[in-house]
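The data block below is model-v3.txt; it holds compact mmCIF, C-alpha atoms and all ligand atoms.
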# COMPACT_ATOMS: atom_id res chain seq x y z
CA MET R 22 96.49 -45.80 24.90
CA ASN R 23 94.02 -48.53 24.11
CA ARG R 24 91.78 -47.30 21.25
CA ARG R 25 88.88 -49.39 22.59
CA ASP R 26 88.82 -47.08 25.62
CA ASP R 27 87.48 -44.29 23.37
CA THR R 28 84.04 -45.87 23.20
CA ALA R 29 83.83 -46.27 26.96
CA HIS R 30 84.63 -42.57 27.33
CA VAL R 31 81.60 -41.45 25.36
CA HIS R 32 79.24 -44.08 26.77
CA PRO R 33 79.07 -43.78 30.56
CA PRO R 34 77.29 -46.57 32.49
CA LYS R 35 73.51 -46.44 32.21
CA ARG R 36 71.91 -44.19 34.77
CA SER R 37 70.37 -45.90 37.79
CA GLU R 38 66.64 -46.42 37.37
CA GLU R 39 66.11 -45.79 41.07
CA PRO R 40 63.52 -43.03 41.45
CA PHE R 41 65.03 -39.69 42.37
CA GLN R 42 62.98 -36.75 43.55
CA ALA R 43 64.18 -33.30 44.59
CA VAL R 44 62.47 -29.98 45.19
CA ALA R 45 64.95 -28.22 42.88
CA MET R 46 64.32 -28.16 39.14
CA PRO R 47 66.53 -30.74 37.39
CA VAL R 48 68.77 -29.34 34.66
CA GLU R 49 68.66 -31.46 31.53
CA ARG R 50 71.00 -30.32 28.77
CA ALA R 51 70.65 -31.36 25.14
CA SER R 52 71.13 -30.26 21.60
CA THR R 53 70.70 -33.81 20.30
CA VAL R 54 67.58 -35.74 21.20
CA VAL R 55 67.62 -39.43 20.31
CA PHE R 56 64.81 -41.77 19.31
CA ASP R 57 64.29 -45.51 19.74
CA ASP R 58 63.03 -46.20 16.24
CA LEU R 59 62.83 -44.77 12.73
CA GLU R 60 59.13 -43.99 12.98
CA SER R 61 59.55 -41.72 16.02
CA PHE R 62 62.60 -40.10 14.40
CA GLU R 63 60.70 -39.37 11.20
CA ARG R 64 57.71 -37.97 13.08
CA ARG R 65 59.79 -35.79 15.40
CA VAL R 66 58.58 -32.52 13.80
CA GLU R 67 55.09 -33.27 15.12
CA ARG R 68 56.59 -33.15 18.59
CA LEU R 69 57.61 -29.50 18.20
CA TYR R 70 54.74 -28.02 20.22
CA ASP R 71 54.28 -30.59 22.95
CA GLY R 72 57.15 -33.06 22.94
CA PHE R 73 60.89 -33.14 22.38
CA SER R 74 62.48 -33.20 18.94
CA TYR R 75 65.69 -31.15 19.20
CA GLY R 76 67.29 -29.25 22.08
CA LEU R 77 66.63 -25.86 20.48
CA TYR R 78 62.88 -26.49 20.50
CA GLY R 79 62.63 -27.42 24.15
CA THR R 80 64.06 -29.61 26.89
CA PRO R 81 62.24 -31.04 29.92
CA THR R 82 63.74 -28.12 31.89
CA SER R 83 62.46 -25.36 29.57
CA ARG R 84 59.04 -27.07 29.22
CA GLN R 85 58.71 -27.24 33.00
CA LEU R 86 59.43 -23.51 33.33
CA GLU R 87 56.97 -22.78 30.51
CA ASP R 88 54.25 -24.83 32.19
CA HIS R 89 54.92 -23.02 35.45
CA ILE R 90 54.66 -19.60 33.81
CA ALA R 91 51.50 -20.58 31.91
CA ALA R 92 49.93 -21.60 35.25
CA LEU R 93 51.04 -18.40 37.03
CA GLU R 94 49.69 -16.27 34.16
CA CYS R 95 46.41 -18.26 34.17
CA GLY R 96 47.02 -19.08 30.51
CA SER R 97 47.05 -22.37 28.67
CA ARG R 98 50.54 -22.19 27.18
CA ALA R 99 53.72 -20.14 27.60
CA LEU R 100 56.95 -19.84 25.68
CA VAL R 101 60.30 -18.79 27.15
CA VAL R 102 62.79 -16.98 24.91
CA PRO R 103 66.31 -15.56 25.37
CA SER R 104 65.25 -12.08 26.60
CA GLY R 105 62.36 -9.70 27.08
CA MET R 106 63.36 -7.97 23.84
CA ALA R 107 63.35 -11.31 22.02
CA ALA R 108 59.82 -11.89 23.32
CA MET R 109 58.63 -8.51 22.02
CA THR R 110 60.18 -8.97 18.58
CA LEU R 111 58.83 -12.52 18.38
CA ALA R 112 55.26 -11.61 19.35
CA THR R 113 55.14 -8.74 16.87
CA MET R 114 56.62 -10.76 14.00
CA ALA R 115 54.36 -13.73 14.69
CA VAL R 116 51.23 -11.56 14.43
CA CYS R 117 52.11 -8.88 11.83
CA ARG R 118 53.09 -9.23 8.17
CA GLY R 119 54.47 -6.66 5.72
CA GLY R 120 51.80 -4.09 4.85
CA GLU R 121 50.18 -4.36 8.29
CA ARG R 122 50.24 -2.08 11.32
CA VAL R 123 51.09 -2.38 14.98
CA LEU R 124 50.07 0.27 17.53
CA ILE R 125 52.56 0.99 20.30
CA PRO R 126 52.11 3.27 23.31
CA GLU R 127 54.57 6.16 23.59
CA THR R 128 55.56 4.63 26.93
CA LEU R 129 56.61 1.27 25.44
CA TYR R 130 60.06 0.02 26.51
CA GLY R 131 62.51 2.24 24.55
CA PRO R 132 64.53 -0.47 22.76
CA ALA R 133 61.25 -2.07 21.60
CA ARG R 134 60.09 1.26 20.13
CA ASP R 135 63.41 1.45 18.34
CA MET R 136 62.99 -2.14 17.10
CA ALA R 137 59.49 -1.37 15.78
CA GLU R 138 60.67 1.69 13.90
CA ARG R 139 64.08 0.63 12.62
CA PHE R 140 63.72 -3.13 12.22
CA LEU R 141 60.01 -3.79 11.56
CA GLY R 142 59.55 -0.56 9.57
CA PRO R 143 61.88 -1.58 6.71
CA LEU R 144 60.11 -4.99 6.66
CA GLY R 145 56.88 -3.15 5.84
CA ILE R 146 55.31 -3.43 9.31
CA GLU R 147 54.27 0.08 10.23
CA ALA R 148 54.48 1.03 13.92
CA VAL R 149 52.17 3.85 14.98
CA SER R 150 52.60 5.50 18.39
CA TYR R 151 49.64 6.31 20.62
CA ASP R 152 49.08 8.28 23.81
CA PRO R 153 49.09 5.75 26.69
CA ARG R 154 46.17 7.63 28.28
CA LEU R 155 43.81 6.56 25.44
CA ASP R 156 41.07 4.16 26.53
CA ALA R 157 38.26 2.87 24.28
CA SER R 158 38.97 5.97 22.13
CA ILE R 159 41.95 4.05 20.73
CA ALA R 160 39.33 2.58 18.34
CA ALA R 161 39.80 5.67 16.12
CA MET R 162 43.42 4.62 15.49
CA ILE R 163 42.70 0.99 14.58
CA ASP R 164 42.23 0.57 10.83
CA GLY R 165 41.77 -2.52 8.67
CA ARG R 166 45.53 -3.05 8.47
CA THR R 167 46.09 -2.96 12.25
CA ARG R 168 46.85 -6.48 13.47
CA LEU R 169 48.32 -5.85 16.90
CA VAL R 170 48.06 -3.32 19.73
CA TRP R 171 50.82 -3.30 22.34
CA ALA R 172 50.20 -2.02 25.85
CA GLU R 173 52.70 -1.45 28.63
CA SER R 174 51.08 -0.61 31.92
CA PRO R 175 52.46 1.16 33.81
CA GLY R 176 54.71 2.56 31.08
CA SER R 177 58.49 2.71 31.07
CA ALA R 178 60.17 5.51 33.07
CA THR R 179 56.99 7.56 33.75
CA PHE R 180 54.59 4.80 34.88
CA GLU R 181 51.28 6.00 33.36
CA VAL R 182 48.71 3.25 33.92
CA GLN R 183 46.75 2.18 30.84
CA ASP R 184 43.13 1.10 30.66
CA VAL R 185 44.07 -2.31 29.32
CA PRO R 186 40.54 -3.81 29.51
CA ALA R 187 39.07 -0.89 27.50
CA ILE R 188 41.91 -0.96 24.96
CA THR R 189 41.52 -4.72 24.60
CA ALA R 190 37.77 -4.53 24.05
CA ALA R 191 38.23 -1.83 21.39
CA ALA R 192 41.01 -3.77 19.64
CA HIS R 193 39.04 -7.01 19.58
CA LYS R 194 35.98 -5.23 18.19
CA ALA R 195 38.14 -4.00 15.31
CA GLY R 196 39.73 -7.43 14.76
CA ALA R 197 43.19 -6.71 16.24
CA LEU R 198 45.06 -8.71 18.87
CA VAL R 199 46.54 -7.20 22.03
CA ALA R 200 49.94 -7.90 23.58
CA ALA R 201 50.85 -6.51 26.99
CA ASP R 202 54.36 -5.93 28.31
CA ASN R 203 53.57 -6.81 31.93
CA THR R 204 57.15 -6.68 33.20
CA TRP R 205 56.56 -4.09 35.96
CA ALA R 206 53.54 -5.76 37.56
CA SER R 207 54.35 -9.35 36.61
CA HIS R 208 51.66 -12.02 36.93
CA LEU R 209 51.60 -11.31 40.68
CA LEU R 210 50.07 -7.84 40.43
CA PHE R 211 48.18 -7.92 37.13
CA LYS R 212 47.01 -10.82 35.00
CA PRO R 213 46.63 -9.54 31.42
CA LEU R 214 45.07 -12.76 30.10
CA ALA R 215 42.28 -12.46 32.68
CA HIS R 216 41.51 -9.00 31.22
CA GLY R 217 41.18 -10.34 27.68
CA VAL R 218 44.73 -9.62 26.48
CA ASP R 219 45.89 -12.17 23.89
CA ILE R 220 49.61 -12.25 24.67
CA SER R 221 51.06 -11.53 28.12
CA MET R 222 54.75 -10.74 27.91
CA GLN R 223 57.28 -10.43 30.73
CA ALA R 224 60.99 -9.74 30.84
CA LEU R 225 61.88 -12.51 33.28
CA SER R 226 65.26 -10.77 33.50
CA LYS R 227 63.66 -8.40 36.02
CA HIS R 228 61.52 -9.66 38.95
CA ALA R 229 61.63 -13.39 38.18
CA GLY R 230 65.41 -13.59 37.68
CA GLY R 231 65.71 -11.13 40.51
CA HIS R 232 69.47 -11.18 41.02
CA GLY R 233 70.84 -9.20 38.08
CA ASP R 234 72.36 -12.28 36.44
CA LEU R 235 69.72 -13.70 34.11
CA LEU R 236 68.27 -12.75 30.72
CA MET R 237 64.99 -14.31 29.63
CA GLY R 238 61.52 -13.36 28.42
CA SER R 239 58.16 -15.10 28.34
CA LEU R 240 54.96 -15.00 26.30
CA ALA R 241 51.80 -16.54 27.75
CA VAL R 242 48.57 -17.11 25.82
CA HIS R 243 45.14 -18.76 26.07
CA ASP R 244 44.79 -19.64 22.43
CA HIS R 245 46.48 -22.79 21.09
CA ALA R 246 46.61 -21.59 17.48
CA LEU R 247 48.35 -18.41 18.62
CA PHE R 248 50.78 -20.47 20.69
CA ARG R 249 51.65 -22.50 17.59
CA ARG R 250 52.25 -19.31 15.62
CA LEU R 251 54.58 -18.02 18.33
CA LYS R 252 56.38 -21.35 18.57
CA ASP R 253 56.81 -21.55 14.77
CA THR R 254 58.22 -18.02 14.68
CA ALA R 255 60.60 -18.83 17.56
CA ARG R 256 61.79 -21.83 15.53
CA PHE R 257 62.35 -19.73 12.40
CA LEU R 258 64.28 -17.14 14.39
CA GLY R 259 66.31 -19.89 16.10
CA TYR R 260 65.41 -18.79 19.63
CA GLY R 261 66.37 -21.23 22.37
CA VAL R 262 67.11 -20.99 26.09
CA SER R 263 69.69 -22.80 28.16
CA PRO R 264 68.41 -25.23 30.80
CA GLU R 265 70.74 -23.65 33.39
CA ASP R 266 69.02 -20.30 32.83
CA CYS R 267 65.60 -21.96 33.10
CA ALA R 268 66.54 -23.53 36.43
CA LEU R 269 67.91 -20.18 37.68
CA CYS R 270 64.69 -18.51 36.61
CA GLU R 271 62.64 -21.19 38.36
CA ARG R 272 64.64 -20.58 41.53
CA GLY R 273 63.98 -16.85 41.17
CA LEU R 274 60.24 -17.49 40.81
CA MET R 275 60.18 -19.35 44.12
CA THR R 276 61.23 -16.26 46.12
CA MET R 277 59.64 -13.67 43.83
CA PRO R 278 56.43 -12.98 45.83
CA VAL R 279 58.41 -12.41 49.04
CA ARG R 280 60.97 -10.21 47.29
CA MET R 281 58.29 -8.16 45.53
CA ARG R 282 56.28 -7.56 48.71
CA HIS R 283 59.42 -6.51 50.54
CA ALA R 284 60.58 -4.18 47.74
CA ASP R 285 57.13 -2.56 47.51
CA ASP R 286 57.03 -1.98 51.25
CA THR R 287 60.49 -0.38 51.27
CA ALA R 288 59.75 1.60 48.10
CA ARG R 289 56.60 3.17 49.55
CA LYS R 290 58.59 4.39 52.56
CA ILE R 291 61.24 5.83 50.27
CA VAL R 292 58.48 7.54 48.26
CA ALA R 293 57.22 9.09 51.50
CA TRP R 294 60.72 10.36 52.32
CA LEU R 295 61.27 11.75 48.80
CA SER R 296 57.86 13.49 48.88
CA GLY R 297 59.15 15.66 51.73
CA ARG R 298 62.36 16.72 49.98
CA PRO R 299 62.63 20.16 48.36
CA GLU R 300 64.84 18.69 45.59
CA VAL R 301 62.00 16.54 44.28
CA ALA R 302 59.56 18.18 41.85
CA GLN R 303 57.26 15.20 41.27
CA ILE R 304 56.92 11.52 42.22
CA LEU R 305 56.02 9.11 39.41
CA HIS R 306 54.40 6.10 41.07
CA PRO R 307 51.02 4.55 40.16
CA GLY R 308 50.10 4.46 43.87
CA GLN R 309 50.20 8.29 44.08
CA PRO R 310 46.63 9.65 43.90
CA ASP R 311 47.58 12.37 41.37
CA HIS R 312 49.42 9.98 39.03
CA PRO R 313 47.99 9.44 35.51
CA GLY R 314 45.91 6.26 35.64
CA HIS R 315 45.95 5.94 39.45
CA ALA R 316 42.23 5.03 39.56
CA ILE R 317 42.77 2.32 36.94
CA TRP R 318 45.75 0.98 38.89
CA LYS R 319 43.53 0.76 41.98
CA ARG R 320 40.83 -1.00 39.98
CA ASP R 321 43.02 -3.53 38.15
CA PHE R 322 46.25 -4.10 40.09
CA ALA R 323 46.93 -6.11 43.25
CA GLY R 324 49.79 -3.85 44.39
CA SER R 325 53.00 -2.12 43.26
CA ALA R 326 56.44 -3.22 42.25
CA GLY R 327 59.33 -1.52 44.06
CA VAL R 328 60.17 0.42 40.89
CA PHE R 329 59.21 4.08 40.44
CA SER R 330 60.64 7.41 39.30
CA PHE R 331 60.86 10.96 40.51
CA VAL R 332 61.57 14.27 38.78
CA LEU R 333 64.50 16.21 40.14
CA ARG R 334 64.20 20.02 40.12
CA PRO R 335 65.76 21.16 36.82
CA GLU R 336 68.20 23.61 38.45
CA LEU R 337 69.83 20.63 40.23
CA ALA R 338 70.68 18.85 36.96
CA PRO R 339 74.36 19.97 36.96
CA LEU R 340 74.85 18.38 40.42
CA GLN R 341 73.49 14.95 39.43
CA SER R 342 76.79 13.40 38.55
CA ASP R 343 78.40 14.25 41.93
CA VAL R 344 75.35 13.13 43.87
CA LEU R 345 75.09 9.83 42.01
CA ARG R 346 78.80 9.17 42.49
CA SER R 347 78.46 9.72 46.23
CA LEU R 348 75.83 6.96 46.62
CA ARG R 349 77.18 3.75 48.14
CA LEU R 350 74.26 1.31 48.07
CA PHE R 351 72.30 2.58 45.09
CA ARG R 352 74.25 1.79 41.92
CA LEU R 353 73.73 3.39 38.52
CA GLY R 354 72.31 0.71 36.25
CA ALA R 355 69.69 0.21 33.57
CA SER R 356 67.96 -2.94 34.76
CA TRP R 357 65.64 -3.41 37.76
CA GLY R 358 63.65 -5.89 39.83
CA GLY R 359 66.69 -7.42 41.52
CA VAL R 360 67.94 -7.71 45.08
CA HIS R 361 70.27 -4.71 44.60
CA SER R 362 68.88 -1.17 44.57
CA LEU R 363 69.52 0.66 41.32
CA ILE R 364 69.07 4.13 39.85
CA ALA R 365 68.68 4.93 36.16
CA VAL R 366 68.60 8.52 34.91
CA SER R 367 66.66 9.26 31.75
CA ASP R 368 65.01 11.93 29.66
CA PRO R 369 61.66 10.31 28.76
CA ARG R 370 60.54 13.46 26.91
CA LYS R 371 62.38 12.38 23.74
CA GLY R 372 59.82 11.55 21.06
CA ARG R 373 56.82 11.70 23.39
CA ALA R 374 53.91 14.08 22.91
CA SER R 375 51.87 12.83 25.87
CA LEU R 376 54.02 14.23 28.68
CA ASP R 377 52.28 17.60 29.20
CA TRP R 378 51.60 16.53 32.81
CA LEU R 379 55.27 15.89 33.60
CA LYS R 380 57.16 18.61 35.47
CA PRO R 381 60.50 19.73 33.98
CA GLY R 382 63.74 18.19 35.26
CA PRO R 383 65.73 14.97 34.98
CA VAL R 384 63.87 11.73 35.73
CA TRP R 385 65.49 9.26 38.14
CA ARG R 386 64.10 5.75 38.19
CA LEU R 387 64.67 3.81 41.40
CA SER R 388 64.51 0.05 41.70
CA ILE R 389 64.39 -0.92 45.35
CA GLY R 390 66.27 -4.05 46.35
CA LEU R 391 66.44 -6.02 49.56
CA GLU R 392 68.77 -3.75 51.54
CA ALA R 393 67.46 -2.44 54.88
CA LEU R 394 65.23 0.62 54.58
CA GLU R 395 67.34 2.50 57.14
CA ASP R 396 70.50 1.95 55.10
CA LEU R 397 68.86 3.01 51.84
CA LEU R 398 67.46 6.16 53.45
CA ALA R 399 70.85 6.95 55.01
CA ASP R 400 72.48 6.53 51.58
CA LEU R 401 69.97 8.88 49.93
CA SER R 402 70.13 11.40 52.82
CA ARG R 403 73.90 11.63 52.65
CA ALA R 404 73.85 12.08 48.87
CA PHE R 405 71.00 14.61 48.97
CA GLU R 406 73.07 16.64 51.49
CA LEU R 407 75.22 17.59 48.46
CA PHE R 408 72.14 19.17 46.85
CA ALA R 409 71.30 20.98 50.09
CA GLU R 410 74.89 22.17 50.50
CA ALA R 411 74.98 23.54 46.96
CA ARG R 412 71.70 25.34 47.58
CA ARG R 413 73.04 26.93 50.78
CA ASN R 414 76.25 27.95 48.98
CA GLY R 415 74.21 29.23 46.05
CA THR R 416 72.01 31.27 48.40
CA ALA R 417 75.08 32.54 50.23
CA ALA R 418 76.69 33.52 46.91
CA ALA R 419 73.49 35.21 45.81
CA ASP R 420 73.24 37.05 49.15
CA ALA R 421 76.86 38.16 48.85
CA LYS R 422 76.19 39.36 45.31
CA ALA R 423 73.10 41.22 46.47
CA ALA R 424 75.12 42.86 49.29
CA GLU R 425 77.81 44.13 46.87
C1 LIG Q 1 63.87 -4.84 30.64
C2 LIG Q 1 62.60 -4.70 29.96
C3 LIG Q 1 62.37 -5.33 28.74
C4 LIG Q 1 63.44 -6.13 28.02
O1 LIG Q 1 63.88 -7.22 28.74
P1 LIG Q 1 65.35 -7.85 28.45
O2 LIG Q 1 65.26 -9.22 29.01
O3 LIG Q 1 66.33 -6.98 29.16
O4 LIG Q 1 65.53 -7.84 26.98
C5 LIG Q 1 61.14 -5.17 28.16
N1 LIG Q 1 60.17 -4.42 28.73
C6 LIG Q 1 60.36 -3.80 29.90
C7 LIG Q 1 59.26 -2.99 30.48
C8 LIG Q 1 61.58 -3.90 30.54
O5 LIG Q 1 61.78 -3.24 31.68
If you convert what's in this file into structure tokens, what do you get?
Amino acid sequence: MNRRDDTAHVHPPKRSEEPFQAVAMPVERASTVVFDDLESFERRVERLYDGFSYGLYGTPTSRQLEDHIAALECGSRALVVPSGMAAMTLATMAVCRGGERVLIPETLYGPARDMAERFLGPLGIEAVSYDPRLDASIAAMIDGRTRLVWAESPGSATFEVQDVPAITAAAHKAGALVAADNTWASHLLFKPLAHGVDISMQALSKHAGGHGDLLMGSLAVHDHALFRRLKDTARFLGYGVSPEDCALCERGLMTMPVRMRHADDTARKIVAWLSGRPEVAQILHPGQPDHPGHAIWKRDFAGSAGVFSFVLRPELAPLQSDVLRSLRLFRLGASWGGVHSLIAVSDPRKGRASLDWLKPGPVWRLSIGLEALEDLLADLSRAFELFAEARRNGTAAADAKAAE
């Protein structure tokens, strides 16, 4: 081997300068960023917020996705981070210091509640839970140490809609910032920044990714100083995103409105079917007139995501496992917002005092994908036949017992 070949292997011919334009987002990979002169190299730290200094702090691909999200959220800047959870931890740590308080609704995404209690707690940041149905009355809970109020509307698993504008006004009056986990609605159905919220957060892993193969989160803001605080904190935590994931996310965004409209349409028809079933004790969907916060949802939201829950009659709990196993299209899985329909079973009552309105029984959360409505209904009908069969057998057994 000729040793001089080594150099040629690491220095490919210079790229053609011929202009190239495509509709797809170009993927530009880099850890190392190089500079033409010493002065630009030495001043690279100044480029942290707007330019390129090191791959971890942004590539043209990640910046393009961030600019796109900022525009969709009607904000001035956005930051993309490795997951929705990373976004929630980052936002809270950027705003709160030891000795300060953060208010979190009881309906906040479970792992984030856990993070607030078990990770931020020992760091001296006290997380205090509040009833998601509080409106301006949340003011009574905001003291001089409260820096941040989280909202999640509608809330995880049970979908109570919060009065985000009223909560935001009360928080601002008391000098606290507001962050909203807007994953369910996304920027398409609710724009938190337009309602005064300071930080709009989304798990892009859900609707934007949309295919069950991407993890990413975003934070969008109006305020440049707040953006810098978030960006600094992301740097200290070493958060970065891969350009491939950014391009995948960008591709997901392009079809997201069509997918969300379709999923909502199918979901509403499935809600109608479930409403007529004797196995279902309660439907948990913001579009239902008797749902907590329905009027606020109608006032503030431009529609529904295809994600909702229902309460199964408690006496059917022992049959759940068989029924879930018999489903062919709906798969058991904890994520949502993708092209595949999913079911997640939970007990949201754990650690929540604000569920007096919820009927007893297991809660099934459905995320409706892009399968045909007829096929999804056939899948549910066949599985629900197992419930019906058990009820007939149970009645027959009870009749036989009564006849003895
Ligand atoms: C999934 C989810 C998150 C977390 O997102 P990941 O990207 O999975 O970490 C946060 N909030 C809500 C409401 C979610 O559904």
For chain R against ligand LIG 1 (chain Q), with a cut-off of 10 Å and counting all atoms listed in the file, what is the closest atom pair and its distance in Å to one decimal for every residue that makes the cut, ordered by chain and number, as a tab-separated table?
residue	atom	partner	partner_atom	distance
R:Val102	CA	Q:LIG1	O2	9.1
R:Pro103	CA	Q:LIG1	O2	7.4
R:Ser104	CA	Q:LIG1	O2	3.7
R:Gly105	CA	Q:LIG1	O1	3.3
R:Met106	CA	Q:LIG1	O4	3.8
R:Ala107	CA	Q:LIG1	O4	6.4
R:Ala108	CA	Q:LIG1	O4	7.9
R:Met109	CA	Q:LIG1	C5	7.4
R:Thr128	CA	Q:LIG1	C7	9.2
R:Leu129	CA	Q:LIG1	C7	7.1
R:Tyr130	CA	Q:LIG1	N1	5.0
R:Gly131	CA	Q:LIG1	N1	8.2
R:Pro132	CA	Q:LIG1	C4	7.8
R:Ala133	CA	Q:LIG1	C5	7.3
R:Glu173	CA	Q:LIG1	C7	7.0
R:Ser174	CA	Q:LIG1	C7	8.6
R:Pro175	CA	Q:LIG1	C7	8.6
R:Gly176	CA	Q:LIG1	C7	7.2
R:Ser177	CA	Q:LIG1	C7	5.8
R:Ala178	CA	Q:LIG1	C7	8.9
R:Ala201	CA	Q:LIG1	N1	9.7
R:Asp202	CA	Q:LIG1	N1	6.0
R:Asn203	CA	Q:LIG1	C7	7.0
R:Thr204	CA	Q:LIG1	C7	5.0
R:Trp205	CA	Q:LIG1	C7	6.2
R:Ala206	CA	Q:LIG1	C7	9.5
R:Met222	CA	Q:LIG1	N1	8.4
R:Gln223	CA	Q:LIG1	N1	7.0
R:Ala224	CA	Q:LIG1	O1	4.4
R:Leu225	CA	Q:LIG1	O2	6.4
R:Ser226	CA	Q:LIG1	O2	4.8
R:Lys227	CA	Q:LIG1	C1	6.5
R:His228	CA	Q:LIG1	O5	9.7
R:Gly230	CA	Q:LIG1	O2	9.7
R:Leu235	CA	Q:LIG1	O2	8.1
R:Leu236	CA	Q:LIG1	O2	4.9
R:Met237	CA	Q:LIG1	O2	5.1
R:Gly238	CA	Q:LIG1	O2	5.6
R:Ser239	CA	Q:LIG1	O2	9.2
R:Ala355	CA	Q:LIG1	C1	8.2
R:Ser356	CA	Q:LIG1	C1	6.1
R:Trp357	CA	Q:LIG1	O5	7.2
R:Gly358	CA	Q:LIG1	O5	8.8
>> Could you check which residues have any atom within 9 Å of (62.2, -29.7, 34.6), counting all atoms listed in the file with coordinates taken straight from the file, and then list them as a PyMOL selection string?
In response: chain R and resi 45-49+80-86+264+267-268
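Between Arg98 of chain R and the candidates R:Glu63, R:Asp71, R:Glu147, R:Asp343, the tightest atom-to-atom separation, counting only C-alpha atoms, involves R:Asp71.
Atom CA of Phe331 of chain R to atom CA of Ile364 of chain R spans 10.7 Å [interatomic distance, one decimal].
Nearest to His208 of chain R of all the residues R:Ala284, R:Val332, R:Val301, R:Leu93 is R:Leu93, based on all atoms listed in the file.
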> Near Tyr70 of chain R, counting all atoms listed in the file, which residues have an atom at most 9 Å away, once you skip same-chain residues fewer than 6 positions from it, shown as a list in words?
Replying inline: Tyr78, Gly79, Phe248, Arg249, Lys252 and Asp253 of chain R
Adding 3 Å on each side of the box along x, y and z that holds all listed atoms of segment 145-160 of chain R, could you give its centre and edge lengths in Å to one decimal, as AutoDock Vina command-line options?
--center_x 47.6 --center_y 2.4 --center_z 17.1 --size_x 24.6 --size_y 17.7 --size_z 28.4
>> as a PyMOL selection string, please: the residues near Ile389 of chain R (cut-off 9 Å, only C-alpha atoms, same-chain neighbours under 5 positions excluded).
In response: chain R and resi 284-285+287-288+291+326-329+351+357-364+397
> Using only C-alpha atoms, can you list as an NGL selection string the residues within 10 Å of (55.1, 9.6, 16.8)?
Replying inline: :R and (125-127 or 148-152 or 372-374)
> Leaving out Ile146 of chain R and any residue of its chain fewer than 5 positions from it, which residues lie within 6 Å of it when counting all atoms listed in the file, given as a ChimeraX atom specification?
Replying inline: /R:119-122,141
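Restricting the calculation to all atoms listed in the file, the smallest distance between His306 of chain R and any of R:Pro381, R:Pro33, R:Gly324, R:Gly72 is found for R:Gly324.
Coordinates place atom CA of Arg320 of chain R at a distance of 24.3 Å from atom CA of Leu124 of chain R.
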> To one decimal place, how far is atom CA of Leu387 of chain R from atom CA of Ala323 of chain R in Å?
Replying inline: 20.4 Å
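If you measure from each of R:Met114, R:Ile159, R:Met275, R:Leu100 to Gly142 of chain R using all atoms listed in the file, the closest one turns out to be R:Met114.
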>> Can you tell me which residues surround Gly314 of chain R at a distance of at most 6 Å, considering all atoms listed in the file, apart from same-chain residues fewer than 3 positions away, and format the answer as a PyMOL selection string?
In response: chain R and resi 181-182+317
Taking 2 positions as the minimum chain separation for residues in the same chain, which residues sit within 7 Å of Val218 of chain R when counting all atoms listed in the file? Answer as an mmCIF file with C-alpha atoms, keeping the file's coordinate frame.
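Wrote around.cif, looks like this:
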data_model
loop_
_atom_site.group_PDB
_atom_site.id
_atom_site.type_symbol
_atom_site.label_atom_id
_atom_site.label_comp_id
_atom_site.auth_asym_id
_atom_site.auth_seq_id
_atom_site.Cartn_x
_atom_site.Cartn_y
_atom_site.Cartn_z
ATOM 1 C CA THR R 189 41.520 -4.720 24.600
ATOM 2 C CA VAL R 199 46.540 -7.200 22.030
ATOM 3 C CA ALA R 200 49.940 -7.900 23.580
ATOM 4 C CA ALA R 201 50.850 -6.510 26.990
ATOM 5 C CA PRO R 213 46.630 -9.540 31.420
ATOM 6 C CA LEU R 214 45.070 -12.760 30.100
ATOM 7 C CA HIS R 216 41.510 -9.000 31.220
ATOM 8 C CA ILE R 220 49.610 -12.250 24.670
ATOM 9 C CA SER R 221 51.060 -11.530 28.120
#
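Shortest separation to Lys319 of chain R among R:Glu60, R:Glu336, R:Asp184, R:Glu406 occurs at residue R:Asp184, atoms counted being all atoms listed in the file.
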